[in-house]
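File shown: my_file_0.cif (mmCIF, C-alpha atoms and all ligand atoms).
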```cif
data_entry
loop_
_atom_site.label_atom_id
_atom_site.label_comp_id
_atom_site.auth_asym_id
_atom_site.auth_seq_id
_atom_site.Cartn_x
_atom_site.Cartn_y
_atom_site.Cartn_z
CA MET A 858 31.27 47.23 61.63
CA LYS A 859 31.69 49.67 64.54
CA ASN A 860 34.47 52.22 64.48
CA ILE A 861 36.85 53.08 67.29
CA ALA A 862 39.62 55.69 67.38
CA ILE A 863 42.69 56.34 69.48
CA LEU A 864 44.79 59.44 70.15
CA CYS A 865 47.69 60.48 72.35
CA SER A 866 47.42 63.73 74.30
CA GLY A 867 49.79 65.68 76.54
CA GLY A 868 53.31 64.43 77.27
CA ASP A 869 54.36 61.37 75.29
CA VAL A 870 55.63 58.30 77.10
CA SER A 871 57.45 55.17 76.14
CA GLY A 872 54.75 52.50 75.90
CA MET A 873 52.41 54.43 73.62
CA ASN A 874 53.63 52.58 70.52
CA PRO A 875 53.04 49.11 72.01
CA ALA A 876 49.58 50.39 73.02
CA LEU A 877 48.88 51.51 69.43
CA LYS A 878 49.95 48.13 68.09
CA HIS A 879 47.70 46.22 70.44
CA PHE A 880 44.86 48.71 69.87
CA VAL A 881 44.86 47.90 66.15
CA GLU A 882 45.20 44.16 66.63
CA TYR A 883 42.65 43.82 69.42
CA SER A 884 40.10 46.08 67.68
CA LEU A 885 40.29 43.98 64.53
CA LYS A 886 40.00 40.79 66.59
CA LYS A 887 36.83 42.19 68.18
CA GLY A 888 35.34 43.11 64.79
CA LEU A 889 35.95 46.85 65.16
CA GLN A 890 37.49 49.19 62.58
CA PRO A 891 40.41 51.03 64.25
CA TYR A 892 41.26 54.64 63.41
CA PHE A 893 44.28 56.77 64.33
CA ILE A 894 43.88 60.43 65.24
CA TYR A 895 47.19 62.26 64.75
CA ASP A 896 48.65 64.91 67.09
CA GLY A 897 46.13 64.67 69.91
CA TYR A 898 43.06 66.88 70.06
CA GLU A 899 44.64 69.07 67.37
CA GLY A 900 44.23 66.24 64.86
CA LEU A 901 40.69 65.64 66.03
CA ILE A 902 39.84 69.27 65.21
CA ASP A 903 41.80 69.28 61.93
CA ASN A 904 40.29 65.97 60.79
CA ASN A 905 43.69 64.30 60.74
CA ILE A 906 42.10 60.89 61.18
CA THR A 907 42.89 57.74 59.20
CA LYS A 908 41.93 54.08 59.17
CA ALA A 909 44.62 51.92 60.79
CA GLY A 910 45.68 48.41 59.86
CA TYR A 911 48.32 45.85 60.73
CA GLU A 912 50.80 47.46 58.35
CA ASP A 913 50.64 50.74 60.30
CA VAL A 914 51.84 49.16 63.50
CA ALA A 915 54.52 46.87 62.11
CA GLY A 916 57.91 47.40 63.71
CA ILE A 917 56.86 49.94 66.35
CA ILE A 918 56.60 47.82 69.50
CA ASN A 919 60.22 48.50 70.44
CA ARG A 920 60.10 52.26 69.80
CA GLY A 921 59.66 55.03 72.38
CA GLY A 922 57.40 58.02 71.76
CA THR A 923 54.28 57.66 69.66
CA LYS A 924 53.93 57.01 65.96
CA ILE A 925 50.74 59.10 65.76
CA GLY A 926 52.18 62.10 67.58
CA SER A 927 50.94 63.83 70.70
CA ALA A 928 50.05 67.43 71.41
CA ARG A 929 48.45 69.89 73.75
CA SER A 930 45.57 71.81 72.24
CA LYS A 931 44.37 75.23 73.30
CA ARG A 932 41.58 75.03 70.73
CA PHE A 933 40.06 71.91 72.30
CA THR A 934 39.31 73.89 75.46
CA LEU A 935 36.85 75.97 73.36
CA ALA A 936 33.35 74.66 72.64
CA GLN A 937 33.37 75.81 69.01
CA TYR A 938 36.35 73.57 68.20
CA ARG A 939 34.96 70.61 70.11
CA LYS A 940 31.90 70.93 67.88
CA ILE A 941 34.12 70.64 64.81
CA ALA A 942 35.79 67.61 66.41
CA LYS A 943 32.39 65.99 66.92
CA THR A 944 31.42 66.62 63.27
CA ASN A 945 34.69 65.01 62.11
CA LEU A 946 33.97 61.90 64.18
CA ASP A 947 30.33 61.78 62.99
CA ASN A 948 31.43 61.92 59.37
CA LEU A 949 33.50 58.78 59.94
CA ASN A 950 30.87 57.15 62.15
CA ILE A 951 33.22 56.97 65.12
CA ASP A 952 31.58 57.06 68.55
CA MET A 953 34.23 55.36 70.70
CA LEU A 954 37.49 57.02 71.62
CA ILE A 955 40.53 55.84 73.54
CA VAL A 956 42.89 58.51 74.84
CA LEU A 957 46.39 57.92 76.12
CA GLY A 958 47.15 60.93 78.31
CA GLY A 959 47.14 62.55 81.70
CA ASP A 960 44.40 63.91 83.93
CA GLY A 961 44.20 67.15 81.93
CA SER A 962 43.43 65.16 78.79
CA PHE A 963 40.76 63.19 80.65
CA ARG A 964 39.09 66.38 81.87
CA GLY A 965 38.91 67.49 78.24
CA LEU A 966 37.32 64.17 77.30
CA ASP A 967 34.79 64.49 80.07
CA VAL A 968 33.65 67.87 78.75
CA PHE A 969 33.49 66.40 75.22
CA TYR A 970 31.38 63.46 76.39
CA LYS A 971 28.96 65.66 78.32
CA GLU A 972 28.48 67.94 75.30
CA HIS A 973 28.47 65.43 72.48
CA GLY A 974 28.11 61.90 73.88
CA ILE A 975 31.31 60.46 72.39
CA LYS A 976 32.05 57.39 74.54
CA PHE A 977 35.56 57.27 75.82
CA CYS A 978 38.07 55.35 77.85
CA GLY A 979 41.23 56.98 79.17
CA ILE A 980 44.53 55.21 79.70
CA PRO A 981 46.76 56.94 82.27
CA SER A 982 50.01 57.73 80.50
CA THR A 983 52.59 59.92 82.17
CA ILE A 984 56.04 59.24 83.55
CA ASP A 985 55.17 61.42 86.57
CA ASN A 986 52.89 58.66 87.98
CA ASP A 987 50.75 61.39 89.50
CA ILE A 988 47.22 60.38 88.50
CA SER A 989 44.75 59.63 91.27
CA GLY A 990 43.04 56.26 91.38
CA THR A 991 45.80 54.31 89.62
CA THR A 992 49.02 53.05 91.14
CA TYR A 993 50.62 52.82 87.70
CA CYS A 994 50.71 55.02 84.61
CA LEU A 995 52.07 53.83 81.28
CA GLY A 996 55.70 54.83 80.71
CA VAL A 997 56.80 54.94 84.34
CA ASP A 998 58.82 51.73 84.29
CA THR A 999 60.77 52.77 81.20
CA ALA A 1000 61.49 56.18 82.74
CA LEU A 1001 62.71 54.52 85.94
CA ASN A 1002 64.99 52.25 83.98
CA ILE A 1003 66.46 55.19 82.06
CA ILE A 1004 67.08 56.97 85.38
CA LYS A 1005 68.66 53.81 86.79
CA VAL A 1006 71.11 53.56 83.89
CA SER A 1007 71.93 57.27 84.24
CA ILE A 1008 72.55 57.10 87.99
CA ASP A 1009 74.67 53.95 87.63
CA ALA A 1010 76.82 55.80 85.09
CA ILE A 1011 77.08 58.92 87.24
CA ARG A 1012 78.13 56.82 90.22
CA ASP A 1013 81.22 55.65 88.32
CA THR A 1014 82.49 59.16 87.78
CA ALA A 1015 81.35 60.40 91.21
CA ALA A 1016 83.42 57.72 92.93
CA SER A 1017 86.47 58.33 90.76
CA PHE A 1018 86.62 62.04 91.43
CA LYS A 1019 85.35 62.27 95.03
CA ARG A 1020 82.30 64.29 94.15
CA ALA A 1021 78.73 64.81 95.21
CA PHE A 1022 76.24 64.55 92.37
CA VAL A 1023 72.83 66.12 92.55
CA ILE A 1024 70.64 64.28 90.06
CA GLU A 1025 67.36 65.96 89.19
CA THR A 1026 64.44 63.87 87.99
CA MET A 1027 61.15 64.91 86.40
CA GLY A 1028 57.74 64.45 88.05
CA ARG A 1029 56.24 67.95 88.32
CA ASP A 1030 54.80 68.12 91.85
CA CYS A 1031 55.12 64.39 92.41
CA GLY A 1032 58.24 62.83 93.93
CA TYR A 1033 57.56 59.29 92.72
CA LEU A 1034 60.40 59.03 90.20
CA ALA A 1035 62.93 60.53 92.63
CA LEU A 1036 61.80 58.38 95.53
CA ILE A 1037 61.84 55.05 93.67
CA SER A 1038 65.12 55.93 91.95
CA SER A 1039 66.73 56.88 95.22
CA LEU A 1040 65.60 53.70 96.97
CA THR A 1041 66.77 51.48 94.13
CA SER A 1042 70.04 53.28 93.49
CA GLY A 1043 71.13 53.54 97.10
CA ALA A 1044 71.34 57.34 97.03
CA GLU A 1045 72.50 59.10 100.19
CA LEU A 1046 69.94 61.85 99.93
CA CYS A 1047 66.48 62.07 98.38
CA LEU A 1048 64.45 65.27 98.31
CA ILE A 1049 60.85 65.30 97.10
CA PRO A 1050 58.04 67.86 97.30
CA GLU A 1051 55.88 65.65 99.53
CA ILE A 1052 58.34 65.72 102.45
CA GLU A 1053 59.71 68.77 104.19
CA TYR A 1054 63.44 68.66 104.71
CA ASP A 1055 66.15 70.51 106.55
CA LEU A 1056 69.56 70.14 104.91
CA GLN A 1057 71.27 71.09 108.14
CA SER A 1058 70.05 67.87 109.75
CA TYR A 1059 72.30 65.87 107.37
CA GLU A 1060 75.48 67.88 107.90
CA GLU A 1061 77.02 66.15 110.89
CA GLU A 1062 76.36 62.66 109.53
CA PHE A 1063 77.66 63.39 106.02
CA LYS A 1064 80.86 64.99 107.32
CA LYS A 1065 81.43 62.02 109.59
CA GLN A 1066 81.02 59.69 106.62
CA ILE A 1067 83.67 61.60 104.65
CA LYS A 1068 86.02 61.31 107.61
CA ASN A 1069 85.36 57.57 107.63
CA GLY A 1070 86.34 57.26 103.98
CA ARG A 1071 83.24 58.01 101.91
CA ARG A 1072 84.35 59.17 98.45
CA TYR A 1073 81.10 60.39 96.95
CA PHE A 1074 77.46 61.24 97.53
CA LEU A 1075 74.49 60.75 95.27
CA ALA A 1076 71.51 62.97 95.88
CA VAL A 1077 68.34 62.34 93.87
CA VAL A 1078 66.04 65.35 93.90
CA SER A 1079 62.69 65.90 92.31
CA GLU A 1080 62.16 68.88 90.00
CA GLY A 1081 59.19 69.84 92.19
CA ILE A 1082 61.12 70.75 95.35
CA GLN A 1083 61.30 74.39 96.36
CA GLN A 1084 65.06 74.74 95.96
CA ASP A 1085 67.01 74.74 92.73
CA SER A 1086 69.26 71.69 92.28
CA HIS A 1087 72.26 74.02 92.05
CA ASP A 1088 71.50 75.25 95.59
CA ILE A 1089 71.71 71.68 96.83
CA ALA A 1090 75.07 71.31 95.04
CA ASP A 1091 76.29 74.55 96.66
CA TRP A 1092 75.28 73.16 100.03
CA PHE A 1093 77.45 70.09 99.42
CA GLU A 1094 80.42 72.32 98.54
CA ASN A 1095 80.00 74.89 101.30
CA LYS A 1096 78.67 72.87 104.22
CA ILE A 1097 79.84 69.31 103.59
CA GLY A 1098 83.12 70.26 101.94
CA ILE A 1099 82.97 68.12 98.82
CA GLU A 1100 83.14 69.19 95.21
CA SER A 1101 79.75 68.84 93.55
CA ARG A 1102 78.04 68.67 90.18
CA VAL A 1103 74.44 68.86 89.04
CA SER A 1104 72.95 66.51 86.47
CA ILE A 1105 69.46 67.37 85.25
CA LEU A 1106 68.22 64.28 83.48
CA GLY A 1107 65.43 66.10 81.60
CA HIS A 1108 63.75 64.64 78.55
CA ILE A 1109 65.89 61.53 78.23
CA GLN A 1110 63.51 60.23 80.92
CA ARG A 1111 60.65 60.32 78.43
CA GLY A 1112 62.37 58.38 75.67
CA GLY A 1113 64.03 55.04 75.15
CA ASN A 1114 62.63 51.73 74.04
CA PRO A 1115 59.75 50.51 76.21
CA THR A 1116 60.58 47.97 78.89
CA ILE A 1117 58.89 44.57 79.02
CA TYR A 1118 56.73 45.84 81.86
CA ASP A 1119 55.49 48.84 79.87
CA ARG A 1120 54.83 46.69 76.81
CA LEU A 1121 52.79 44.28 78.91
CA MET A 1122 50.94 47.08 80.71
CA ALA A 1123 50.18 48.71 77.35
CA TYR A 1124 48.67 45.40 76.24
CA LYS A 1125 46.55 45.09 79.37
CA PHE A 1126 45.43 48.74 79.49
CA ILE A 1127 44.22 48.55 75.88
CA THR A 1128 42.43 45.23 76.42
CA HIS A 1129 40.54 46.62 79.43
CA ALA A 1130 39.74 49.86 77.63
CA ILE A 1131 38.24 48.17 74.56
CA ASN A 1132 36.39 45.57 76.63
CA GLY A 1133 34.99 48.37 78.83
CA LEU A 1134 33.65 50.27 75.84
CA LEU A 1135 32.18 47.13 74.28
CA ASN A 1136 30.54 46.18 77.57
CA GLY A 1137 28.74 49.51 77.79
CA THR A 1138 30.95 51.60 80.08
CA ASP A 1139 30.69 54.91 78.27
CA GLU A 1140 32.95 57.20 80.27
CA SER A 1141 35.86 55.81 82.27
CA VAL A 1142 39.58 55.57 82.89
CA VAL A 1143 41.39 52.23 83.19
CA CYS A 1144 43.16 52.17 86.53
CA TYR A 1145 45.62 49.69 87.92
CA THR A 1146 45.10 49.19 91.64
CA LYS A 1147 46.33 46.83 94.34
CA SER A 1148 43.42 44.55 93.44
CA GLY A 1149 43.99 44.63 89.68
CA PHE A 1150 42.46 46.60 86.80
CA GLU A 1151 39.34 48.68 87.36
CA LEU A 1152 37.39 51.11 85.24
CA LYS A 1153 36.95 54.27 87.31
CA SER A 1154 34.86 57.37 86.79
CA ILE A 1155 36.49 60.55 85.60
CA ASP A 1156 35.69 62.18 88.96
CA GLU A 1157 37.69 59.61 90.89
CA VAL A 1158 40.68 60.13 88.62
CA ALA A 1159 40.83 63.70 87.35
CA ASN A 1160 39.20 65.61 90.19
CA VAL A 1161 41.01 64.14 93.17
CA LYS A 1162 44.43 65.35 94.27
CA HIS A 1163 47.08 62.69 93.86
CA VAL A 1164 48.91 61.58 97.00
CA LEU A 1165 52.01 59.43 97.09
CA ASP A 1166 51.62 55.96 98.55
CA LYS A 1167 52.17 56.10 102.33
CA GLU A 1168 54.10 52.85 102.41
CA LEU A 1169 56.60 54.18 99.86
CA LEU A 1170 56.99 57.42 101.78
CA SER A 1171 57.71 55.48 104.96
CA TYR A 1172 60.90 54.07 103.36
CA LEU A 1173 62.42 57.51 103.00
P1 LIG B 1201 47.91 65.97 80.57
O1 LIG B 1201 46.86 65.16 79.90
O2 LIG B 1201 49.28 65.42 80.38
O3 LIG B 1201 47.56 66.26 82.02
P2 LIG B 1201 47.26 68.74 79.83
O4 LIG B 1201 46.79 69.09 81.19
O5 LIG B 1201 48.16 69.68 79.11
O6 LIG B 1201 48.03 67.35 79.77
O7 LIG B 1201 45.97 68.49 78.93
C1 LIG B 1201 46.07 68.03 77.61
C2 LIG B 1201 45.00 68.66 76.74
O8 LIG B 1201 43.70 68.30 77.22
C3 LIG B 1201 44.98 70.18 76.74
O9 LIG B 1201 45.92 70.72 75.85
C4 LIG B 1201 43.56 70.46 76.27
O10 LIG B 1201 43.44 70.34 74.86
C5 LIG B 1201 42.76 69.31 76.89
N1 LIG B 1201 42.04 69.77 78.09
C6 LIG B 1201 42.50 69.83 79.36
N2 LIG B 1201 41.56 70.31 80.21
C7 LIG B 1201 40.49 70.59 79.45
C8 LIG B 1201 39.15 71.11 79.71
N3 LIG B 1201 38.78 71.44 80.94
N4 LIG B 1201 38.33 71.25 78.65
C9 LIG B 1201 38.69 70.90 77.41
N5 LIG B 1201 39.91 70.41 77.10
C10 LIG B 1201 40.80 70.24 78.09
#
```
Show this structure as structure tokens.
Amino acid sequence: MKNIAILCSGGDVSGMNPALKHFVEYSLKKGLQPYFIYDGYEGLIDNNITKAGYEDVAGIINRGGTKIGSARSKRFTLAQYRKIAKTNLDNLNIDMLIVLGGDGSFRGLDVFYKEHGIKFCGIPSTIDNDISGTTYCLGVDTALNIIKVSIDAIRDTAASFKRAFVIETMGRDCGYLALISSLTSGAELCLIPEIEYDLQSYEEEFKKQIKNGRRYFLAVVSEGIQQDSHDIADWFENKIGIESRVSILGHIQRGGNPTIYDRLMAYKFITHAINGLLNGTDESVVCYTKSGFELKSIDEVANVKHVLDKELLSYL
């Protein structure tokens, strides 16, 4: 029986647990022995690795986060610790690894493969949706749905009190979450790092709208823009003349029970990852593209700067 292991690295996302469940079930179906590595590369170094069975993944499909923990690991960036990690895998006869993580985690895997030949397949998992080569990363749909519920709730109070709300979403340097949330929540203003903006250009129009009876504004801004969200709120107060509040959504965007879409994508990502490894692709990342799933090289994914889809940007 061949052995295969999985770990989660970097920021956790909702969808990791459904991926773990399918990983165990599909591995067993394919005649592989599945293993869990706890707490990312830290667990790999500390030999926190256990056999996984059906009982370990019972009742987790509806849970956010990850049952096996995730972590960042300074030690894994050092060759001496990667050597320990390799010894731990050798002792258990594991030579195939699936990693749920971001491009940083994949770069780490690439180094590990080149040094020690551990075959791997990466599954893009970040709510930021900022990984090159894939149009979708696990967890994004759940994050968008959490943001949707939050904005819908904020709208109720914004309208009641005649206020402008500046709602800040995550995404690091990528405006994807803010852009999609703005388009699907009918926000009046959307600011993202990819597009230069001039607040002054909105002043005349917004004031006119207030005169014509508008009671509230919703502005969705990405954490990656140059200005602080409170500066945008001040602009609403001082230039538009409407009371304002800031709502930084923060880590609630990373939690919550996985949506149907993320559960299904978790299922598909895992299936493609295991099939890829069994079919002899030793070093790849499963990407979802306009033409379906593809296994791409690490270079295409981790060493190319991510750019936001032009069509989406054109809607702004
Ligand atoms: P993400 O995967 O979400 O982009 P990070 O960039 O923090 O997250 O990377 C996660 C982990 O991957 C790091 O803590 C580190 O252990 C490992 N890693 C990243 N880059 C390298 C590298 N060049 N060499 C070895 N390990 C790396």
For CA of Val1103 (chain A) and CA of Lys1019 (chain A), determine how far apart the two atoms are, in Å to one decimal place.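 Taking CA of Val1103 (chain A) as the start and CA of Lys1019 (chain A) as the end point, the length is 14.1 Å.
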Taking all listed atoms of region 1122-1139 of chain A, build the axis-aligned box, pad each of the six sides by 8 Å, then write its centre and edge lengths in Å to one decimal as lines of an AutoDock Vina configuration file.
```
center_x = 39.8
center_y = 50.0
center_z = 77.5
size_x = 38.2
size_y = 25.8
size_z = 22.4
```
Within 9 Å of ligand LIG 1201 (chain B) (counting only C-alpha atoms and all ligand atoms), which residues show up? I'd like them as a count of residues only. 36
Closest to Gln1066 (chain A) among A:Gly974, A:Gly1112, A:Gly888, A:Gly1098, using all atoms listed in the file?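 The answer is A:Gly1098, which sits nearest to Gln1066 (chain A).
For the set A:Gly1032, A:Val1023, A:Gly990, A:Asp1009, the residue with the smallest atom-to-atom gap to Asn1160 (chain A) is A:Gly990, counting only C-alpha atoms.
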Counting only C-alpha atoms, which of A:Glu1168, A:Glu972, A:Asp952, A:Asp998 gets nearest to Tyr1118 (chain A)?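 The closest residue to Tyr1118 (chain A) is A:Asp998.
Checking A:Leu877, A:Leu1048, A:Val1164, A:Ile1109 one by one against Ser1086 (chain A), counting all atoms listed in the file, you find the shortest gap at A:Leu1048.
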Any idea what the distance is between CA of Leu949 (chain A) and CA of Lys976 (chain A)? 14.7 Å
Find the residues near Asp1055 (chain A): any atom within 12 Å, counting all atoms listed in the file, skip ones fewer than 4 places away on the same chain, and give them as an mmCIF file with C-alpha atoms, in the frame of the given file.
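The resulting result-v6.cif:
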```
data_model
loop_
_atom_site.group_PDB
_atom_site.id
_atom_site.type_symbol
_atom_site.label_atom_id
_atom_site.label_comp_id
_atom_site.auth_asym_id
_atom_site.auth_seq_id
_atom_site.Cartn_x
_atom_site.Cartn_y
_atom_site.Cartn_z
ATOM 1 C CA LEU A 1046 69.940 61.850 99.930
ATOM 2 C CA CYS A 1047 66.480 62.070 98.380
ATOM 3 C CA LEU A 1048 64.450 65.270 98.310
ATOM 4 C CA TYR A 1059 72.300 65.870 107.370
ATOM 5 C CA GLU A 1060 75.480 67.880 107.900
ATOM 6 C CA GLN A 1083 61.300 74.390 96.360
ATOM 7 C CA GLN A 1084 65.060 74.740 95.960
ATOM 8 C CA ILE A 1089 71.710 71.680 96.830
ATOM 9 C CA TRP A 1092 75.280 73.160 100.030
#
```
Identify the residues within 6 Å of coordinate (69.2, 63.4, 90.6) (same frame as the file), considering only C-alpha atoms, and give the answer as a ChimeraX atom specification. /A:1023-1026,1076-1078
Restrict the calculation to only C-alpha atoms, then for each residue of region 861-968 of chain A with any atom at most 9 Å from an atom of region 1131-1146 of chain A give the closest atom pair and their distance in Å to one decimal, rows by chain and rising residue number, as CSV.
```
residue,atom,partner,partner_atom,distance
A:Ile861,CA,A:Ile1131,CA,8.9
A:Phe880,CA,A:Ile1131,CA,8.1
A:Tyr883,CA,A:Ile1131,CA,8.0
A:Ser884,CA,A:Ile1131,CA,7.4
A:Lys887,CA,A:Ile1131,CA,8.9
A:Met953,CA,A:Leu1134,CA,7.3
A:Leu954,CA,A:Leu1134,CA,8.8
A:Ile955,CA,A:Ile1131,CA,8.1
A:Phe963,CA,A:Val1142,CA,8.0
A:Leu966,CA,A:Glu1140,CA,8.7
A:Asp967,CA,A:Glu1140,CA,7.5
```
What's the separation between CA of Ile1127 (chain A) and CA of Ile980 (chain A), in Å to one decimal place?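 CA of Ile1127 (chain A) sits 7.7 Å away from CA of Ile980 (chain A).
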Taking 3 positions as the minimum chain separation for residues in the same chain, which residues sit within 7 Å of Ala1000 (chain A) when counting all atoms listed in the file? Answer as number ranges by chain. A: 984, 996-997, 1003-1004, 1110-1111
Using all atoms listed in the file, which residues sit within 12 Å of Leu946 (chain A) once same-chain residues fewer than 4 positions away are excluded, as an mmCIF file with C-alpha atoms, in the coordinates of the input?
```cif
data_model
loop_
_atom_site.group_PDB
_atom_site.id
_atom_site.type_symbol
_atom_site.label_atom_id
_atom_site.label_comp_id
_atom_site.auth_asym_id
_atom_site.auth_seq_id
_atom_site.Cartn_x
_atom_site.Cartn_y
_atom_site.Cartn_z
ATOM 1 C CA ASN A 860 34.470 52.220 64.480
ATOM 2 C CA ILE A 861 36.850 53.080 67.290
ATOM 3 C CA ALA A 862 39.620 55.690 67.380
ATOM 4 C CA ILE A 863 42.690 56.340 69.480
ATOM 5 C CA TYR A 892 41.260 54.640 63.410
ATOM 6 C CA PHE A 893 44.280 56.770 64.330
ATOM 7 C CA ILE A 894 43.880 60.430 65.240
ATOM 8 C CA TYR A 898 43.060 66.880 70.060
ATOM 9 C CA GLY A 900 44.230 66.240 64.860
ATOM 10 C CA LEU A 901 40.690 65.640 66.030
ATOM 11 C CA ILE A 902 39.840 69.270 65.210
ATOM 12 C CA ASP A 903 41.800 69.280 61.930
ATOM 13 C CA ASN A 904 40.290 65.970 60.790
ATOM 14 C CA ASN A 905 43.690 64.300 60.740
ATOM 15 C CA ILE A 906 42.100 60.890 61.180
ATOM 16 C CA THR A 907 42.890 57.740 59.200
ATOM 17 C CA ARG A 939 34.960 70.610 70.110
ATOM 18 C CA LYS A 940 31.900 70.930 67.880
ATOM 19 C CA ILE A 941 34.120 70.640 64.810
ATOM 20 C CA ALA A 942 35.790 67.610 66.410
ATOM 21 C CA ASN A 950 30.870 57.150 62.150
ATOM 22 C CA ILE A 951 33.220 56.970 65.120
ATOM 23 C CA ASP A 952 31.580 57.060 68.550
ATOM 24 C CA MET A 953 34.230 55.360 70.700
ATOM 25 C CA LEU A 954 37.490 57.020 71.620
ATOM 26 C CA PHE A 969 33.490 66.400 75.220
ATOM 27 C CA HIS A 973 28.470 65.430 72.480
ATOM 28 C CA GLY A 974 28.110 61.900 73.880
ATOM 29 C CA ILE A 975 31.310 60.460 72.390
ATOM 30 C CA LYS A 976 32.050 57.390 74.540
#
```
Nearest to Phe1018 (chain A) among A:Asp1088, A:Glu1062, A:Asp985, A:Glu1100, with distances taken over only C-alpha atoms: which residue is it?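 Among the listed residues, A:Glu1100 lies closest to Phe1018 (chain A).
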Which residue gives the smallest distance to Ala876 (chain A) among A:Tyr1073, A:Tyr1124, A:Tyr993, A:Tyr911, with only C-alpha atoms counted? A:Tyr1124
Could you add the missing atoms to region 992-1004 of chain A, up to N, CA, C and O atoms, and return them as a PDB file, in the coordinates of the input?
```
ATOM      1  N   THR A 992      47.675  53.113  90.551  1.00  0.00           N
ATOM      2  CA  THR A 992      49.020  53.050  91.140  1.00  0.00           C
ATOM      3  C   THR A 992      50.084  53.057  90.041  1.00  0.00           C
ATOM      4  O   THR A 992      51.261  53.205  90.330  1.00  0.00           O
ATOM      5  N   TYR A 993      49.644  52.880  88.785  1.00  0.00           N
ATOM      6  CA  TYR A 993      50.620  52.820  87.700  1.00  0.00           C
ATOM      7  C   TYR A 993      50.130  53.569  86.464  1.00  0.00           C
ATOM      8  O   TYR A 993      48.975  53.429  86.057  1.00  0.00           O
ATOM      9  N   CYS A 994      50.999  54.349  85.883  1.00  0.00           N
ATOM     10  CA  CYS A 994      50.710  55.020  84.610  1.00  0.00           C
ATOM     11  C   CYS A 994      51.702  54.494  83.574  1.00  0.00           C
ATOM     12  O   CYS A 994      52.885  54.286  83.887  1.00  0.00           O
ATOM     13  N   LEU A 995      51.217  54.329  82.361  1.00  0.00           N
ATOM     14  CA  LEU A 995      52.070  53.830  81.280  1.00  0.00           C
ATOM     15  C   LEU A 995      53.312  54.713  81.126  1.00  0.00           C
ATOM     16  O   LEU A 995      53.204  55.943  81.184  1.00  0.00           O
ATOM     17  N   GLY A 996      54.459  54.090  80.953  1.00  0.00           N
ATOM     18  CA  GLY A 996      55.700  54.830  80.710  1.00  0.00           C
ATOM     19  C   GLY A 996      56.595  54.961  81.930  1.00  0.00           C
ATOM     20  O   GLY A 996      57.790  55.260  81.799  1.00  0.00           O
ATOM     21  N   VAL A 997      56.029  54.714  83.108  1.00  0.00           N
ATOM     22  CA  VAL A 997      56.800  54.940  84.340  1.00  0.00           C
ATOM     23  C   VAL A 997      57.986  53.975  84.445  1.00  0.00           C
ATOM     24  O   VAL A 997      59.091  54.377  84.795  1.00  0.00           O
ATOM     25  N   ASP A 998      57.743  52.718  84.117  1.00  0.00           N
ATOM     26  CA  ASP A 998      58.820  51.730  84.290  1.00  0.00           C
ATOM     27  C   ASP A 998      59.996  52.037  83.359  1.00  0.00           C
ATOM     28  O   ASP A 998      61.166  51.924  83.758  1.00  0.00           O
ATOM     29  N   THR A 999      59.684  52.440  82.135  1.00  0.00           N
ATOM     30  CA  THR A 999      60.770  52.770  81.200  1.00  0.00           C
ATOM     31  C   THR A 999      61.543  53.986  81.704  1.00  0.00           C
ATOM     32  O   THR A 999      62.781  53.999  81.689  1.00  0.00           O
ATOM     33  N   ALA A1000      60.820  54.986  82.200  1.00  0.00           N
ATOM     34  CA  ALA A1000      61.490  56.180  82.740  1.00  0.00           C
ATOM     35  C   ALA A1000      62.395  55.795  83.907  1.00  0.00           C
ATOM     36  O   ALA A1000      63.549  56.245  83.997  1.00  0.00           O
ATOM     37  N   LEU A1001      61.893  54.932  84.788  1.00  0.00           N
ATOM     38  CA  LEU A1001      62.710  54.520  85.940  1.00  0.00           C
ATOM     39  C   LEU A1001      63.966  53.776  85.506  1.00  0.00           C
ATOM     40  O   LEU A1001      65.026  53.930  86.105  1.00  0.00           O
ATOM     41  N   ASN A1002      63.814  52.991  84.467  1.00  0.00           N
ATOM     42  CA  ASN A1002      64.990  52.250  83.980  1.00  0.00           C
ATOM     43  C   ASN A1002      66.019  53.165  83.331  1.00  0.00           C
ATOM     44  O   ASN A1002      67.228  52.946  83.469  1.00  0.00           O
ATOM     45  N   ILE A1003      65.532  54.201  82.648  1.00  0.00           N
ATOM     46  CA  ILE A1003      66.460  55.190  82.060  1.00  0.00           C
ATOM     47  C   ILE A1003      67.198  55.913  83.207  1.00  0.00           C
ATOM     48  O   ILE A1003      68.414  56.137  83.137  1.00  0.00           O
ATOM     49  N   ILE A1004      66.456  56.276  84.235  1.00  0.00           N
ATOM     50  CA  ILE A1004      67.080  56.970  85.380  1.00  0.00           C
ATOM     51  C   ILE A1004      68.109  56.046  86.038  1.00  0.00           C
ATOM     52  O   ILE A1004      69.206  56.470  86.399  1.00  0.00           O
TER      53      ILE A1004
END
```
